[in-house]
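What follows is the content of start_0.pdb, which has PDB, C-alpha atoms:
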ATOM      1  CA  MET A1423     -22.777 -49.496 -18.974
ATOM      2  CA  LEU A1424     -25.100 -49.946 -15.995
ATOM      3  CA  ILE A1425     -24.828 -47.780 -12.887
ATOM      4  CA  ASN A1426     -26.322 -49.052  -9.673
ATOM      5  CA  GLN A1427     -28.457 -46.895  -7.392
ATOM      6  CA  THR A1428     -25.612 -46.206  -4.936
ATOM      7  CA  GLU A1429     -23.344 -44.870  -7.684
ATOM      8  CA  LYS A1430     -26.186 -42.713  -9.039
ATOM      9  CA  GLU A1431     -26.648 -41.166  -5.602
ATOM     10  CA  ARG A1432     -22.918 -40.530  -5.270
ATOM     11  CA  VAL A1433     -22.828 -38.837  -8.682
ATOM     12  CA  ARG A1434     -25.866 -36.736  -7.754
ATOM     13  CA  LYS A1435     -24.213 -35.572  -4.508
ATOM     14  CA  MET A1436     -20.984 -34.724  -6.325
ATOM     15  CA  GLY A1437     -22.995 -32.624  -8.772
ATOM     16  CA  VAL A1438     -24.739 -30.774  -5.960
ATOM     17  CA  LYS A1439     -21.416 -30.168  -4.209
ATOM     18  CA  TYR A1440     -19.837 -28.845  -7.430
ATOM     19  CA  CYS A1441     -22.751 -26.462  -8.014
ATOM     20  CA  TYR A1442     -22.523 -25.253  -4.417
ATOM     21  CA  VAL A1443     -18.799 -24.525  -4.772
ATOM     22  CA  MET A1444     -19.360 -22.667  -8.046
ATOM     23  CA  ILE A1445     -22.103 -20.566  -6.448
ATOM     24  CA  ILE A1446     -19.741 -19.590  -3.609
ATOM     25  CA  VAL A1447     -17.014 -18.640  -6.104
ATOM     26  CA  LEU A1448     -19.455 -16.549  -8.135
ATOM     27  CA  VAL A1449     -20.735 -14.795  -5.020
ATOM     28  CA  LEU A1450     -17.171 -13.879  -3.989
ATOM     29  CA  VAL A1451     -16.181 -12.671  -7.462
ATOM     30  CA  LEU A1452     -19.362 -10.713  -8.080
ATOM     31  CA  GLY A1453     -19.299  -9.371  -4.539
ATOM     32  CA  ASN A1454     -15.844  -7.873  -5.029
ATOM     33  CA  GLU A1455     -16.931  -6.448  -8.385
ATOM     34  CA  VAL A1456     -20.009  -4.807  -6.863
ATOM     35  CA  ARG A1457     -17.924  -3.363  -4.020
ATOM     36  CA  SER A1458     -15.464  -1.847  -6.479
ATOM     37  CA  GLN A1459     -18.291  -0.401  -8.581
ATOM     38  CA  SER A1460     -19.785   1.251  -5.488
ATOM     39  CA  LEU A1461     -16.944   3.784  -5.679
ATOM     40  CA  LYS A1462     -17.221   6.719  -8.031
ATOM     41  CA  ASN A1463     -15.613  10.067  -8.707
ATOM     42  CA  GLY A1464     -17.419  12.941  -7.046
ATOM     43  CA  TYR A1465     -19.349  10.729  -4.632
ATOM     44  CA  TYR A1466     -19.763  13.674  -2.223
ATOM     45  CA  SER A1467     -20.529  16.295  -4.874
ATOM     46  CA  THR A1468     -24.070  16.710  -3.532
ATOM     47  CA  SER A1469     -23.920  15.438   0.063
ATOM     48  CA  CYS A1470     -20.719  17.310   0.995
ATOM     49  CA  PRO A1471     -19.429  19.416  -1.929
ATOM     50  CA  LYS A1472     -16.397  20.740  -0.048
ATOM     51  CA  ALA A1473     -15.231  17.336   1.206
ATOM     52  CA  GLU A1474     -12.187  16.963  -1.032
ATOM     53  CA  SER A1475     -11.118  20.596  -0.684
ATOM     54  CA  ILE A1476     -11.313  20.349   3.121
ATOM     55  CA  VAL A1477      -9.106  17.249   3.110
ATOM     56  CA  ARG A1478      -6.690  18.953   0.734
ATOM     57  CA  SER A1479      -6.374  22.118   2.815
ATOM     58  CA  THR A1480      -5.861  20.049   5.971
ATOM     59  CA  VAL A1481      -3.071  18.007   4.407
ATOM     60  CA  GLN A1482      -1.559  21.186   2.997
ATOM     61  CA  SER A1483      -1.528  22.809   6.443
ATOM     62  CA  HIS A1484       0.254  19.859   8.063
ATOM     63  CA  PHE A1485       2.608  19.501   5.097
ATOM     64  CA  ASP A1486       3.635  23.149   5.368
ATOM     65  CA  SER A1487       4.630  22.522   8.988
ATOM     66  CA  ASP A1488       6.286  19.154   8.319
ATOM     67  CA  PRO A1489       6.812  17.892   4.729
ATOM     68  CA  THR A1490       7.787  14.447   6.042
ATOM     69  CA  ILE A1491       4.117  13.859   6.826
ATOM     70  CA  SER A1492       3.554  12.968   3.151
ATOM     71  CA  PRO A1493       5.209   9.530   3.196
ATOM     72  CA  GLY A1494       3.514   8.910   6.538
ATOM     73  CA  LEU A1495       0.044   9.410   5.044
ATOM     74  CA  LEU A1496       0.912   7.319   2.006
ATOM     75  CA  ARG A1497       2.127   4.451   4.188
ATOM     76  CA  LEU A1498      -0.935   4.761   6.405
ATOM     77  CA  HIS A1499      -3.252   4.250   3.432
ATOM     78  CA  PHE A1500      -1.154   1.357   2.115
ATOM     79  CA  HIS A1501      -1.227  -0.425   5.479
ATOM     80  CA  ASP A1502      -4.958   0.173   5.759
ATOM     81  CA  CYS A1503      -5.759  -1.426   2.405
ATOM     82  CA  PHE A1504      -3.650  -4.544   3.007
ATOM     83  CA  VAL A1505      -5.562  -5.471   6.183
ATOM     84  CA  GLN A1506      -9.370  -5.795   6.013
ATOM     85  CA  GLY A1507      -9.350  -3.753   2.816
ATOM     86  CA  CYS A1508      -9.455   0.034   2.433
ATOM     87  CA  ASP A1509     -11.869   0.622   5.291
ATOM     88  CA  GLY A1510     -10.028   2.865   7.733
ATOM     89  CA  SER A1511      -9.528  -0.035  10.155
ATOM     90  CA  VAL A1512      -5.904   1.008  10.703
ATOM     91  CA  LEU A1513      -7.169   4.217  12.306
ATOM     92  CA  ILE A1514      -8.973   2.428  15.144
ATOM     93  CA  LYS A1515      -7.193   2.522  18.494
ATOM     94  CA  GLY A1516      -7.077  -0.379  20.933
ATOM     95  CA  LYS A1517      -4.724  -2.851  22.603
ATOM     96  CA  SER A1518      -5.501  -5.529  20.010
ATOM     97  CA  ALA A1519      -6.199  -3.212  17.055
ATOM     98  CA  GLU A1520      -4.050  -3.040  13.905
ATOM     99  CA  GLN A1521      -1.986  -0.151  15.252
ATOM    100  CA  ALA A1522      -0.608  -2.512  17.912
ATOM    101  CA  ALA A1523       0.914  -4.841  15.282
ATOM    102  CA  LEU A1524       4.702  -4.830  14.996
ATOM    103  CA  ALA A1525       4.493  -3.940  11.313
ATOM    104  CA  ASN A1526       2.478  -0.837  12.179
ATOM    105  CA  LEU A1527       4.821   0.606  14.774
ATOM    106  CA  GLY A1528       5.807   4.115  13.785
ATOM    107  CA  LEU A1529       2.712   4.868  11.716
ATOM    108  CA  ARG A1530       2.377   8.589  11.110
ATOM    109  CA  GLY A1531      -0.348  10.939   9.925
ATOM    110  CA  LEU A1532      -3.141   9.872  12.251
ATOM    111  CA  GLU A1533      -3.507  13.423  13.554
ATOM    112  CA  VAL A1534      -3.980  14.708   9.994
ATOM    113  CA  ILE A1535      -6.897  12.344   9.401
ATOM    114  CA  ASP A1536      -8.425  13.258  12.775
ATOM    115  CA  ASP A1537      -8.074  16.952  11.959
ATOM    116  CA  ALA A1538      -9.762  16.579   8.567
ATOM    117  CA  LYS A1539     -12.530  14.440  10.070
ATOM    118  CA  ALA A1540     -13.292  17.020  12.765
ATOM    119  CA  GLN A1541     -13.620  19.744  10.138
ATOM    120  CA  LEU A1542     -15.825  17.597   7.922
ATOM    121  CA  GLU A1543     -18.089  16.632  10.826
ATOM    122  CA  SER A1544     -18.680  20.306  11.552
ATOM    123  CA  VAL A1545     -19.784  20.901   7.960
ATOM    124  CA  CYS A1546     -21.266  17.544   6.878
ATOM    125  CA  PRO A1547     -21.895  15.414   9.991
ATOM    126  CA  GLY A1548     -22.013  11.666   9.411
ATOM    127  CA  VAL A1549     -21.355  11.875   5.679
ATOM    128  CA  VAL A1550     -17.658  11.463   4.794
ATOM    129  CA  SER A1551     -15.998   8.208   5.850
ATOM    130  CA  CYS A1552     -12.580   8.007   7.452
ATOM    131  CA  ALA A1553     -11.563   5.496   4.782
ATOM    132  CA  ASP A1554     -12.244   8.074   2.057
ATOM    133  CA  ILE A1555     -10.417  10.794   3.978
ATOM    134  CA  LEU A1556      -7.371   8.532   4.133
ATOM    135  CA  ALA A1557      -7.501   7.725   0.404
ATOM    136  CA  LEU A1558      -7.804  11.418  -0.474
ATOM    137  CA  ALA A1559      -5.044  12.423   1.943
ATOM    138  CA  ALA A1560      -2.666   9.870   0.410
ATOM    139  CA  ARG A1561      -3.282  11.336  -3.041
ATOM    140  CA  ASP A1562      -2.804  14.897  -1.805
ATOM    141  CA  SER A1563       0.424  14.001   0.009
ATOM    142  CA  VAL A1564       1.931  12.692  -3.240
ATOM    143  CA  ASP A1565       0.799  15.757  -5.167
ATOM    144  CA  LEU A1566       2.322  18.091  -2.568
ATOM    145  CA  SER A1567       5.634  16.223  -2.893
ATOM    146  CA  ASP A1568       5.893  17.166  -6.593
ATOM    147  CA  GLY A1569       4.345  13.852  -7.578
ATOM    148  CA  PRO A1570       1.305  13.039  -9.715
ATOM    149  CA  SER A1571      -2.311  13.651  -8.844
ATOM    150  CA  TRP A1572      -5.293  11.520  -9.792
ATOM    151  CA  ARG A1573      -9.035  11.426  -9.277
ATOM    152  CA  VAL A1574      -9.843   9.305  -6.239
ATOM    153  CA  PRO A1575     -13.074   7.321  -6.524
ATOM    154  CA  THR A1576     -14.925   7.696  -3.207
ATOM    155  CA  GLY A1577     -17.837   6.064  -1.431
ATOM    156  CA  ARG A1578     -16.001   3.719   0.948
ATOM    157  CA  LYS A1579     -17.546   2.915   4.278
ATOM    158  CA  ASP A1580     -15.589   2.441   7.495
ATOM    159  CA  GLY A1581     -15.008  -1.052   8.823
ATOM    160  CA  ARG A1582     -15.918  -2.120  12.337
ATOM    161  CA  ILE A1583     -13.126  -4.668  12.851
ATOM    162  CA  SER A1584      -9.442  -3.962  13.536
ATOM    163  CA  LEU A1585      -7.170  -6.774  14.708
ATOM    164  CA  ALA A1586      -3.395  -6.699  15.092
ATOM    165  CA  SER A1587      -3.319 -10.442  14.407
ATOM    166  CA  GLU A1588      -4.480  -9.832  10.835
ATOM    167  CA  ALA A1589      -1.584  -7.498  10.022
ATOM    168  CA  SER A1590       0.845 -10.376   9.455
ATOM    169  CA  ASN A1591       0.242 -10.230   5.698
ATOM    170  CA  LEU A1592       1.708  -6.730   5.410
ATOM    171  CA  PRO A1593       4.790  -6.609   3.154
ATOM    172  CA  SER A1594       8.080  -6.670   5.051
ATOM    173  CA  PRO A1595      11.502  -5.155   4.191
ATOM    174  CA  PHE A1596      12.861  -8.690   4.572
ATOM    175  CA  ASP A1597      10.510 -10.342   2.049
ATOM    176  CA  SER A1598      11.881 -12.099  -1.016
ATOM    177  CA  VAL A1599      10.494 -11.067  -4.399
ATOM    178  CA  ALA A1600       8.440 -14.264  -4.523
ATOM    179  CA  ILE A1601       6.793 -13.460  -1.192
ATOM    180  CA  GLN A1602       6.186  -9.866  -2.232
ATOM    181  CA  LYS A1603       4.511 -11.033  -5.432
ATOM    182  CA  GLN A1604       2.277 -13.421  -3.520
ATOM    183  CA  LYS A1605       1.225 -10.844  -0.935
ATOM    184  CA  PHE A1606       0.252  -8.408  -3.672
ATOM    185  CA  LEU A1607      -1.439 -11.113  -5.729
ATOM    186  CA  ASP A1608      -3.538 -12.044  -2.708
ATOM    187  CA  LYS A1609      -4.933  -8.503  -2.869
ATOM    188  CA  GLY A1610      -5.606  -8.620  -6.605
ATOM    189  CA  LEU A1611      -2.449  -6.697  -7.501
ATOM    190  CA  ASP A1612      -0.052  -7.993 -10.158
ATOM    191  CA  THR A1613       3.718  -7.685 -10.512
ATOM    192  CA  HIS A1614       3.439  -4.416 -12.406
ATOM    193  CA  ASP A1615       1.388  -2.979  -9.550
ATOM    194  CA  LEU A1616       3.954  -4.265  -7.038
ATOM    195  CA  VAL A1617       6.893  -2.501  -8.678
ATOM    196  CA  THR A1618       4.863   0.648  -9.314
ATOM    197  CA  LEU A1619       3.502   0.982  -5.775
ATOM    198  CA  LEU A1620       6.913   0.373  -4.199
ATOM    199  CA  GLY A1621       7.958   3.508  -6.048
ATOM    200  CA  ALA A1622       6.344   5.274  -3.077
ATOM    201  CA  HIS A1623       9.728   4.675  -1.427
ATOM    202  CA  THR A1624      11.000   7.624  -3.438
ATOM    203  CA  ILE A1625       9.937   9.625  -0.375
ATOM    204  CA  GLY A1626      10.110   8.629   3.261
ATOM    205  CA  GLN A1627      12.630   7.238   5.707
ATOM    206  CA  THR A1628      13.456   4.029   7.530
ATOM    207  CA  ASP A1629      15.438   3.100  10.638
ATOM    208  CA  CYS A1630      19.024   1.843  10.498
ATOM    209  CA  LEU A1631      17.681  -1.190  12.332
ATOM    210  CA  PHE A1632      15.902  -2.416   9.196
ATOM    211  CA  PHE A1633      18.898  -2.502   6.892
ATOM    212  CA  ARG A1634      22.073  -2.372   9.005
ATOM    213  CA  TYR A1635      22.463  -6.163   8.704
ATOM    214  CA  ARG A1636      23.112  -5.609   4.998
ATOM    215  CA  LEU A1637      26.171  -3.530   5.868
ATOM    216  CA  TYR A1638      27.937  -5.667   8.455
ATOM    217  CA  ASN A1639      26.344  -9.060   8.916
ATOM    218  CA  PHE A1640      24.709 -10.109   5.665
ATOM    219  CA  THR A1641      26.367 -13.540   5.738
ATOM    220  CA  VAL A1642      27.727 -15.743   8.507
ATOM    221  CA  THR A1643      31.219 -14.449   7.695
ATOM    222  CA  GLY A1644      30.147 -10.870   8.368
ATOM    223  CA  ASN A1645      30.298  -9.649   4.782
ATOM    224  CA  SER A1646      28.186  -6.859   3.321
ATOM    225  CA  ASP A1647      25.372  -7.405   0.839
ATOM    226  CA  PRO A1648      27.186  -7.676  -2.524
ATOM    227  CA  THR A1649      24.311  -5.989  -4.354
ATOM    228  CA  ILE A1650      25.117  -2.663  -2.656
ATOM    229  CA  SER A1651      27.406  -0.489  -4.753
ATOM    230  CA  PRO A1652      30.822   0.084  -3.055
ATOM    231  CA  SER A1653      30.481   3.870  -2.889
ATOM    232  CA  PHE A1654      26.966   3.664  -1.483
ATOM    233  CA  LEU A1655      28.075   1.064   1.056
ATOM    234  CA  THR A1656      30.659   3.492   2.423
ATOM    235  CA  GLN A1657      27.990   6.184   2.651
ATOM    236  CA  LEU A1658      25.574   3.915   4.499
ATOM    237  CA  LYS A1659      28.226   2.740   6.958
ATOM    238  CA  THR A1660      28.880   6.364   7.829
ATOM    239  CA  LEU A1661      25.185   6.960   8.428
ATOM    240  CA  CYS A1662      24.677   3.722  10.367
ATOM    241  CA  PRO A1663      27.806   2.604  12.252
ATOM    242  CA  PRO A1664      27.756  -0.971  13.633
ATOM    243  CA  ASN A1665      27.110   0.047  17.241
ATOM    244  CA  GLY A1666      25.136   3.178  16.471
ATOM    245  CA  ASP A1667      21.551   4.124  17.215
ATOM    246  CA  GLY A1668      19.293   1.622  15.442
ATOM    247  CA  SER A1669      16.415   4.109  15.448
ATOM    248  CA  LYS A1670      18.334   6.693  13.426
ATOM    249  CA  ARG A1671      16.312   7.664  10.361
ATOM    250  CA  VAL A1672      17.731   7.436   6.854
ATOM    251  CA  ALA A1673      16.021   8.571   3.645
ATOM    252  CA  LEU A1674      14.885   5.726   1.405
ATOM    253  CA  ASP A1675      15.884   7.805  -1.631
ATOM    254  CA  ILE A1676      18.994   9.703  -0.620
ATOM    255  CA  GLY A1677      19.275  11.411  -4.009
ATOM    256  CA  SER A1678      15.911  13.231  -3.772
ATOM    257  CA  PRO A1679      14.364  12.332  -0.400
ATOM    258  CA  SER A1680      11.501  14.824  -0.490
ATOM    259  CA  LYS A1681      10.644  14.742  -4.192
ATOM    260  CA  PHE A1682       8.256  12.162  -5.617
ATOM    261  CA  ASP A1683      10.036  11.037  -8.778
ATOM    262  CA  GLU A1684      11.438   8.007 -10.611
ATOM    263  CA  SER A1685      14.892   8.236  -9.005
ATOM    264  CA  PHE A1686      13.955   5.304  -6.748
ATOM    265  CA  TYR A1687      14.183   2.998  -9.764
ATOM    266  CA  LYS A1688      17.529   4.407 -10.796
ATOM    267  CA  ASN A1689      18.748   3.595  -7.303
ATOM    268  CA  LEU A1690      17.715  -0.037  -7.798
ATOM    269  CA  ARG A1691      19.547  -0.150 -11.107
ATOM    270  CA  ASP A1692      22.699   1.330  -9.570
ATOM    271  CA  GLY A1693      22.717  -0.783  -6.389
ATOM    272  CA  ASN A1694      21.733   2.160  -4.212
ATOM    273  CA  ALA A1695      18.551   0.848  -2.573
ATOM    274  CA  ILE A1696      18.272   1.032   1.200
ATOM    275  CA  LEU A1697      15.991  -1.942   1.832
ATOM    276  CA  GLU A1698      16.877  -5.453   0.728
ATOM    277  CA  SER A1699      13.309  -6.102  -0.462
ATOM    278  CA  ASP A1700      13.582  -3.099  -2.791
ATOM    279  CA  GLN A1701      16.986  -4.009  -4.200
ATOM    280  CA  ARG A1702      15.807  -7.562  -4.939
ATOM    281  CA  LEU A1703      13.402  -6.147  -7.532
ATOM    282  CA  TRP A1704      16.438  -5.676  -9.764
ATOM    283  CA  SER A1705      17.502  -9.325  -9.569
ATOM    284  CA  ASP A1706      14.140 -10.860 -10.550
ATOM    285  CA  ALA A1707      13.535 -11.057 -14.296
ATOM    286  CA  GLU A1708       9.869 -10.063 -14.142
ATOM    287  CA  THR A1709      10.248  -7.127 -11.757
ATOM    288  CA  ASN A1710      13.525  -6.071 -13.395
ATOM    289  CA  ALA A1711      11.708  -5.468 -16.684
ATOM    290  CA  VAL A1712       9.369  -2.947 -15.029
ATOM    291  CA  VAL A1713      12.173  -1.273 -13.066
ATOM    292  CA  LYS A1714      14.203  -0.791 -16.261
ATOM    293  CA  LYS A1715      11.329   0.935 -18.010
ATOM    294  CA  TYR A1716      10.797   3.347 -15.146
ATOM    295  CA  ALA A1717      14.537   4.009 -14.766
ATOM    296  CA  SER A1718      15.056   4.563 -18.497
ATOM    297  CA  ARG A1719      15.929   7.972 -19.838
ATOM    298  CA  LEU A1720      13.366   7.378 -22.576
ATOM    299  CA  ARG A1721      10.415   8.032 -20.315
ATOM    300  CA  GLY A1722       6.931   7.977 -21.765
ATOM    301  CA  LEU A1723       7.538   5.278 -24.355
ATOM    302  CA  LEU A1724       4.890   2.548 -24.504
ATOM    303  CA  GLY A1725       2.929   4.296 -21.756
ATOM    304  CA  PHE A1726       5.478   3.483 -19.057
ATOM    305  CA  ARG A1727       5.545   6.831 -17.326
ATOM    306  CA  PHE A1728       5.915   6.347 -13.582
ATOM    307  CA  ASP A1729       3.842   9.379 -12.601
ATOM    308  CA  TYR A1730       0.932   8.172 -14.745
ATOM    309  CA  GLU A1731       1.221   4.495 -13.815
ATOM    310  CA  PHE A1732       1.466   5.256 -10.089
ATOM    311  CA  GLY A1733      -1.909   6.980 -10.066
ATOM    312  CA  LYS A1734      -3.497   4.022 -11.869
ATOM    313  CA  ALA A1735      -1.987   1.554  -9.400
ATOM    314  CA  MET A1736      -3.158   3.635  -6.432
ATOM    315  CA  ILE A1737      -6.740   3.673  -7.714
ATOM    316  CA  LYS A1738      -6.576  -0.097  -8.066
ATOM    317  CA  MET A1739      -5.088  -0.596  -4.603
ATOM    318  CA  SER A1740      -7.546   1.777  -2.933
ATOM    319  CA  SER A1741     -10.415  -0.356  -4.227
ATOM    320  CA  ILE A1742      -9.346  -3.486  -2.305
ATOM    321  CA  ASP A1743     -12.249  -5.005  -0.342
ATOM    322  CA  VAL A1744     -14.048  -1.703   0.202
ATOM    323  CA  LYS A1745     -16.978  -1.792   2.589
ATOM    324  CA  THR A1746     -20.526  -0.873   1.619
ATOM    325  CA  ASP A1747     -23.554   0.239   3.648
ATOM    326  CA  VAL A1748     -24.235  -3.395   4.520
ATOM    327  CA  ASP A1749     -20.932  -4.150   6.229
ATOM    328  CA  GLY A1750     -19.637  -0.696   7.066
ATOM    329  CA  GLU A1751     -20.505   2.679   8.584
ATOM    330  CA  VAL A1752     -19.402   6.312   8.625
ATOM    331  CA  ARG A1753     -17.553   6.774  11.901
ATOM    332  CA  LYS A1754     -18.107   9.945  13.872
ATOM    333  CA  VAL A1755     -14.562   9.680  15.216
ATOM    334  CA  CYS A1756     -11.962   7.850  13.143
ATOM    335  CA  SER A1757     -10.227   6.212  16.088
ATOM    336  CA  LYS A1758     -13.279   4.251  17.265
ATOM    337  CA  VAL A1759     -16.344   2.547  15.828
ATOM    338  CA  ASN A1760     -19.742   4.155  16.377
TER     339      ASN A1760
END

Written as structure tokens, that's how I'd like the structure from this file.
Amino acid sequence: MLINQTEKERVRKMGVKYCYVMIIVLVLVLGNEVRSQSLKNGYYSTSCPKAESIVRSTVQSHFDSDPTISPGLLRLHFHDCFVQGCDGSVLIKGKSAEQAALANLGLRGLEVIDDAKAQLESVCPGVVSCADILALAARDSVDLSDGPSWRVPTGRKDGRISLASEASNLPSPFDSVAIQKQKFLDKGLDTHDLVTLLGAHTIGQTDCLFFRYRLYNFTVTGNSDPTISPSFLTQLKTLCPPNGDGSKRVALDIGSPSKFDESFYKNLRDGNAILESDQRLWSDAETNAVVKKYASRLRGLLGFRFDYEFGKAMIKMSSIDVKTDVDGEVRKVCSKVN
């Protein structure tokens, strides 16, 4: 079969274009791999040996005054990693910064990070990043709430960009399971990670505003969400009356609101979840399988222990798009770039 000169040129250009695309893909994949490998346990063992203990004592001090700071720090780290990666960009203040996004209203724990940073700057100026402080503080907050502890790989650099417009990909309490899966997948997290990380809702609170529609106006006829157990529905209606204060805070895990445990998954099984997005994990076949294993009385079988799996998932999440020396810095003050 003969090919004329024009067709040969077209084939050649297609080959060049294919190679170019493959090079871009390889650069992105290898780039993310290199970024992840830049983190290591004990990164500050020589440059700032007391870094982790200073963060721990700072979190402990604030926790002793207000134990509800733990879920605040955990949420702060989660929201940081889902926008621009785990680079401390959520800590930057500004009219158009991430903190101004609707999804970030009510963020707590900023003062804890600032406190730890000030102490670290007095001992090891310009060494420990705000992004690492946040990752360590999230771990310590779980540990102080009777949850698991894990070794946090460190070495992140702080990002220089923080835009509220980029916070639209943060998970929402109104997301379907399909949307939740996609948002996590976009960050390199699978369904198992999704269900495991949402177990963070075993501590913390939310406003009546975010779930009251489930109690009184779930359908056009004004019915309640049928997935809520009848006894729990009565309890929630007492806590959040139809014309009550929408900003009233309600524990996400009413059974053990301040203890980091697997009771969150038992709530899903029993129809006692506060948020619709959480309860929907029970109705999806794939997420249901993970929930059942965590809610089972036979904990520890097949490696499905929530306390162990949560630490693994947190390490994976805290490695999302970390910055290196090339595209990051160590801020002197966490709320603004150098």

I want to know what sits within 7 Å of Ser1567 of chain A, based on all atoms listed in the file, with residues of the same chain fewer than 2 positions away left out; could you give that as a PyMOL selection string? chain A and resi 1563-1565+1569+1680-1682

Evaluate the PyMOL selection byres ((chain A and resi 1491-1497) around 8) against this structure - the residues, as a PyMOL selection string, please. chain A and resi 1484-1485+1488-1490+1498-1501+1529-1532+1556+1559-1561+1563-1564+1566-1567+1622+1625-1626

9 Å contact set for Lys1539 of chain A, only C-alpha atoms, chain neighbours under 4 positions out, as a PyMOL selection string: chain A and resi 1477+1534-1535+1543-1544+1550-1552+1555+1754-1756

Tell me, as a list in words, which residues lie within 9 Å of segment 1638-1653 of chain A, counting only C-alpha atoms; anything in the same chain fewer than 4 positions away does not count. Arg1634, Gln1657, Leu1658, Lys1659, Pro1664, Asp1692, Gly1693, Asn1694, Ala1695, Ile1696, Glu1698, Gln1701 and Arg1702 of chain A

Using all atoms listed in the file, find the one residue out of A:Ser1469, A:Ser1587, A:Thr1613, A:Thr1480 that sits nearest to Ala1735 of chain A. A:Thr1613

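In terms of minimum interatomic distance to Asn1710 of chain A, A:Val1599 ranks closest within A:Val1672, A:Ala1553, A:Val1599, A:Leu1631, counting all atoms listed in the file.
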
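Residues selected in this file by the PyMOL selection byres ((chain A and resi 1747) around 10) comprise Ser1460, Gly1577, Arg1578, Lys1579, Asp1580, Lys1745, Thr1746, Val1748, Asp1749, Gly1750, Glu1751 and Val1752 of chain A.
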
Atom pair atom CA of Pro1663 of chain A / atom CA of Gln1627 of chain A: separation (Å): 17.2 Å

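If you measure from each of A:Asp1615, A:Asp1683, A:Glu1474, A:Asp1486 to Ile1737 of chain A using all atoms listed in the file, the closest one turns out to be A:Asp1615.
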
Please measure the separation of atom CA of Asn1665 of chain A and atom CA of Tyr1635 of chain A, giving the value in Å to one decimal. 11.5 Å

Picked residues, the PyMOL selection byres ((chain A and resi 1504-1507) around 8), as a PDB file with C-alpha atoms, in the coordinates of the input:
ATOM      1  CA  PHE A1500      -1.154   1.357   2.115  1.00  0.00           C
ATOM      2  CA  HIS A1501      -1.227  -0.425   5.479  1.00  0.00           C
ATOM      3  CA  ASP A1502      -4.958   0.173   5.759  1.00  0.00           C
ATOM      4  CA  CYS A1503      -5.759  -1.426   2.405  1.00  0.00           C
ATOM      5  CA  CYS A1508      -9.455   0.034   2.433  1.00  0.00           C
ATOM      6  CA  ASP A1509     -11.869   0.622   5.291  1.00  0.00           C
ATOM      7  CA  SER A1511      -9.528  -0.035  10.155  1.00  0.00           C
ATOM      8  CA  VAL A1512      -5.904   1.008  10.703  1.00  0.00           C
ATOM      9  CA  GLY A1581     -15.008  -1.052   8.823  1.00  0.00           C
ATOM     10  CA  ILE A1583     -13.126  -4.668  12.851  1.00  0.00           C
ATOM     11  CA  SER A1584      -9.442  -3.962  13.536  1.00  0.00           C
ATOM     12  CA  GLU A1588      -4.480  -9.832  10.835  1.00  0.00           C
ATOM     13  CA  ALA A1589      -1.584  -7.498  10.022  1.00  0.00           C
ATOM     14  CA  ASN A1591       0.242 -10.230   5.698  1.00  0.00           C
ATOM     15  CA  LEU A1592       1.708  -6.730   5.410  1.00  0.00           C
ATOM     16  CA  LYS A1609      -4.933  -8.503  -2.869  1.00  0.00           C
ATOM     17  CA  SER A1741     -10.415  -0.356  -4.227  1.00  0.00           C
ATOM     18  CA  ILE A1742      -9.346  -3.486  -2.305  1.00  0.00           C
ATOM     19  CA  ASP A1743     -12.249  -5.005  -0.342  1.00  0.00           C
ATOM     20  CA  VAL A1744     -14.048  -1.703   0.202  1.00  0.00           C
ATOM     21  CA  LYS A1745     -16.978  -1.792   2.589  1.00  0.00           C
TER      22      LYS A1745
END

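Taking atom CA of Gly1610 of chain A as the reference point, atom CA of Met1736 of chain A is found at 12.5 Å.
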